[in-house]
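A short worksheet on the structure shown next.
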Amino acid sequence: LPPSSLPPSRLLPAVLVPPSLLLLPLLPCLCLQFSSSFCLISCCSSSSSPSLHRFASLTAMPDDRVRPGNGVYARRSARFRESLLYQTFTARPSEKQREVLLFICLLVCFTLGWFLGRPGQDAYFLSERMRAKILHGSGCYNVSSWEDLVDIVQLWEWLQGQFIPSIYYQDTPSSGLGNVLGYNYLIGTIRLRQVRGKAANCESLPEWLNHSLFSQSSISCYPSITTRNADHQSYGLPALPFVWSPGDPFGDTISTQFGEYETGGFIMEFPQYNASKAQDILSFHKLHGWLDVNSRLVRISATFFNPSLQLCLFMSLTAEMPPFGGLVTSSSFIALPLKMYQGTR
């Protein structure tokens, strides 16, 4: 209603009473609220309960959720700043966390340097062409490839009919002997190393096997080969026996799914440029039983050098004779630059 319509008795208090006096009825409530908040804060400061601290802060401080900058995105950013990930890697990293970060940076730099410094496509094609030449090259047509060898008889045939011709015979005009594919020179000799296992008496065989299937008085068993049961005993001709040779004391043993092989063994070496002498050495060892039932591994190693590309090729062929019989073959051709690291000094 307009003031003119009100009676004079009702206009007098509104005119005579100051506006500050209107807050007097609310003063006891404000004092009670302030005193309760102050007491609660003082009690929570002396208490160790996190829930009381939080309740006191919510009671004493005004609600900021309605102010600008405190929306959903702001609260999400605040939660991220309080998270363990932010505190670990951004806010307060410890000494161990710094070491982990530095190690990761070092690992990334080392990996990039290693892969960027690897030999290029020349090394790849050199390895692949040499693999195809030695393992599947132009030898005797009735000889199986390296991966298809089944027994020791086929291994001898492959060495005589495929391996020696591919290494020693001239396959490129005017390249000379001992030069594979015209540009890859044989360095040193070719080494064949044999690891032998000891035979043992079979135990706990059924009685019907001893009487029905076998006519021998004793049956020999050949357990899986390890470095502890390798055979070092000489064999062959009494005048020219095959003698065991110790391996590199700093060399690594060969571990496969069929056994663990020592670094030493019975060695056969082929000369560098004499194909006829290599054939004679191979025929002599074949004639006098260099490989027999005690053989467990034959490893063929050779090194080649390509002067045009400055690359060394390391060849390693492995033929295992596991207890179940036959051969299990594998091969490795690795090409590496002669100078891995080059500089001004």
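Lettering and numbering for the structure tokens are positional, with chains as A, B, ... in the shown order, residues counted from 1 in each chain, and ligands counted from 1 in the shown order.
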Item to check | segment 301-332 of chain A: residues DSSP assigns to strand (DSSP E), reported as a list in words | outcome: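 Across segment 301-332 of chain A, those assigned strand (DSSP E) are Ser301, Ala302, Thr303, Phe304, Phe305, Asn306, Leu311, Cys312, Leu313, Phe314, Met315, Ser316, Leu317, Thr318, Ala319, Glu320, Val328, Thr329, Ser330, Ser331 and Ser332 of chain A.
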Please produce a file of the residues just selected, as a compact mmCIF listing (two decimals), in the first residue's frame, where the atoms kept are N, CA and C atoms.
# COMPACT_ATOMS: atom_id res chain seq x y z
N SER A 301 80.88 -73.24 -37.48
CA SER A 301 81.10 -71.80 -37.33
C SER A 301 82.08 -71.32 -38.39
N ALA A 302 81.79 -70.16 -38.97
CA ALA A 302 82.68 -69.55 -39.96
C ALA A 302 82.43 -68.04 -39.97
N THR A 303 83.44 -67.29 -40.42
CA THR A 303 83.36 -65.83 -40.49
C THR A 303 83.77 -65.38 -41.88
N PHE A 304 83.00 -64.46 -42.44
CA PHE A 304 83.26 -63.93 -43.77
C PHE A 304 83.37 -62.40 -43.68
N PHE A 305 84.09 -61.84 -44.64
CA PHE A 305 84.29 -60.39 -44.66
C PHE A 305 84.07 -59.87 -46.06
N ASN A 306 83.26 -58.80 -46.15
CA ASN A 306 83.00 -58.13 -47.41
C ASN A 306 83.74 -56.79 -47.40
N LEU A 311 81.65 -55.12 -43.98
CA LEU A 311 80.75 -55.90 -43.14
C LEU A 311 81.34 -57.26 -42.85
N CYS A 312 81.21 -57.71 -41.63
CA CYS A 312 81.60 -59.05 -41.21
C CYS A 312 80.34 -59.89 -41.04
N LEU A 313 80.38 -61.09 -41.57
CA LEU A 313 79.24 -62.00 -41.46
C LEU A 313 79.65 -63.19 -40.59
N PHE A 314 78.89 -63.42 -39.54
CA PHE A 314 79.15 -64.53 -38.62
C PHE A 314 78.09 -65.60 -38.86
N MET A 315 78.57 -66.77 -39.30
CA MET A 315 77.68 -67.89 -39.60
C MET A 315 77.78 -68.93 -38.50
N SER A 316 76.64 -69.45 -38.07
CA SER A 316 76.59 -70.49 -37.06
C SER A 316 75.45 -71.45 -37.41
N LEU A 317 75.81 -72.70 -37.68
CA LEU A 317 74.84 -73.75 -37.99
C LEU A 317 74.87 -74.78 -36.87
N THR A 318 73.71 -75.15 -36.38
CA THR A 318 73.60 -76.06 -35.24
C THR A 318 72.71 -77.22 -35.61
N ALA A 319 73.22 -78.45 -35.37
CA ALA A 319 72.46 -79.68 -35.57
C ALA A 319 72.46 -80.44 -34.24
N GLU A 320 71.28 -80.61 -33.67
CA GLU A 320 71.16 -81.32 -32.39
C GLU A 320 70.66 -82.74 -32.62
N VAL A 328 67.71 -82.00 -35.29
CA VAL A 328 66.97 -80.73 -35.20
C VAL A 328 67.96 -79.64 -35.55
N THR A 329 67.75 -78.98 -36.68
CA THR A 329 68.71 -78.02 -37.21
C THR A 329 68.23 -76.59 -36.98
N SER A 330 69.20 -75.69 -36.90
CA SER A 330 68.94 -74.25 -36.81
C SER A 330 70.13 -73.52 -37.41
N SER A 331 69.95 -72.26 -37.75
CA SER A 331 71.00 -71.49 -38.39
C SER A 331 70.93 -70.04 -37.94
N SER A 332 72.09 -69.37 -38.02
CA SER A 332 72.18 -67.96 -37.65
C SER A 332 73.21 -67.29 -38.55
If we count only C-alpha atoms and set the cut-off at 6 Å, which residues sit around segment 263-265 of chain A, ignoring sequence neighbours fewer than 4 positions away in its own chain? Please answer as a compact mmCIF listing (two decimals) with N, CA and C atoms, in the first residue's frame.
# COMPACT_ATOMS: atom_id res chain seq x y z
N ARG A 193 82.37 -78.35 -34.27
CA ARG A 193 82.53 -78.77 -32.87
C ARG A 193 81.40 -79.73 -32.50
N GLN A 194 81.82 -80.87 -31.93
CA GLN A 194 80.85 -81.88 -31.52
C GLN A 194 80.84 -82.00 -29.99
N VAL A 195 79.64 -82.06 -29.42
CA VAL A 195 79.45 -82.32 -28.00
C VAL A 195 78.82 -83.70 -27.86
N TRP A 244 89.15 -84.73 -27.01
CA TRP A 244 88.33 -83.61 -26.55
C TRP A 244 89.22 -82.39 -26.33
N SER A 245 88.71 -81.21 -26.70
CA SER A 245 89.44 -79.95 -26.53
C SER A 245 88.61 -79.01 -25.65
N PRO A 246 89.25 -78.35 -24.69
CA PRO A 246 88.49 -77.40 -23.85
C PRO A 246 88.09 -76.18 -24.67
N GLY A 247 87.00 -75.60 -24.27
CA GLY A 247 86.51 -74.42 -24.97
C GLY A 247 87.02 -73.14 -24.36
N THR A 253 77.72 -71.08 -22.64
CA THR A 253 77.18 -72.37 -23.02
C THR A 253 75.97 -72.19 -23.93
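Reported to one decimal place, the separation of atom CA of Asp248 of chain A from atom CA of Val180 of chain A is 28.1 Å.
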For Glu260 of chain A: contacts at 9 Å, only C-alpha atoms, fewer than 3 positions along chain excluded, given as a PDB file with C-alpha atoms, in the first residue's frame:
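Saved result, selection04.pdb, follows:
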ATOM      1  CA  SER A 224      69.261 -85.223 -21.928  1.00  0.00           C
ATOM      2  CA  ILE A 225      72.647 -83.564 -22.264  1.00  0.00           C
ATOM      3  CA  THR A 226      73.915 -81.087 -19.671  1.00  0.00           C
ATOM      4  CA  THR A 227      77.285 -79.591 -18.857  1.00  0.00           C
ATOM      5  CA  THR A 253      77.178 -72.373 -23.017  1.00  0.00           C
ATOM      6  CA  ILE A 254      74.500 -73.213 -25.578  1.00  0.00           C
ATOM      7  CA  SER A 255      71.080 -73.719 -24.016  1.00  0.00           C
ATOM      8  CA  THR A 256      68.177 -75.086 -26.073  1.00  0.00           C
ATOM      9  CA  GLN A 257      64.961 -76.904 -25.316  1.00  0.00           C
TER      10      GLN A 257
END
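Of the residues listed (A:Leu135, A:Ile104, A:Val243, A:Ile167), A:Ile167 shows the shortest atom-to-atom separation from Ile187 of chain A; distances use only C-alpha atoms.
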Item to check | Shell of 10 Å around Glu157 of chain A, only C-alpha atoms, local chain residues under 6 positions omitted, as an MDAnalysis selection string | outcome: chainID A and resid 140 142:144 149 163
Put those residues in a file: N, CA and C atoms, as a PDB file, in the first residue's frame.
ATOM      1  N   CYS A 140      74.787 -80.738 -54.924  1.00  0.00           N
ATOM      2  CA  CYS A 140      74.239 -81.938 -55.530  1.00  0.00           C
ATOM      3  C   CYS A 140      72.717 -81.891 -55.470  1.00  0.00           C
ATOM      4  N   ASN A 142      70.596 -84.294 -55.355  1.00  0.00           N
ATOM      5  CA  ASN A 142      69.971 -85.318 -54.517  1.00  0.00           C
ATOM      6  C   ASN A 142      70.249 -85.107 -53.029  1.00  0.00           C
ATOM      7  N   VAL A 143      70.775 -83.949 -52.651  1.00  0.00           N
ATOM      8  CA  VAL A 143      71.084 -83.650 -51.260  1.00  0.00           C
ATOM      9  C   VAL A 143      69.966 -82.782 -50.691  1.00  0.00           C
ATOM     10  N   SER A 144      69.525 -83.128 -49.493  1.00  0.00           N
ATOM     11  CA  SER A 144      68.470 -82.353 -48.839  1.00  0.00           C
ATOM     12  C   SER A 144      69.011 -81.013 -48.364  1.00  0.00           C
ATOM     13  N   LEU A 149      67.189 -81.952 -43.066  1.00  0.00           N
ATOM     14  CA  LEU A 149      68.024 -83.081 -42.642  1.00  0.00           C
ATOM     15  C   LEU A 149      67.341 -83.844 -41.516  1.00  0.00           C
ATOM     16  N   PHE A 163      77.731 -78.210 -48.560  1.00  0.00           N
ATOM     17  CA  PHE A 163      78.442 -77.206 -47.778  1.00  0.00           C
ATOM     18  C   PHE A 163      79.807 -76.879 -48.382  1.00  0.00           C
TER      19      PHE A 163
END
Item to check | For atom CA of Leu237 of chain A and atom CA of Phe284 of chain A, the interatomic separation in Å (one decimal) | outcome: 11.0 Å
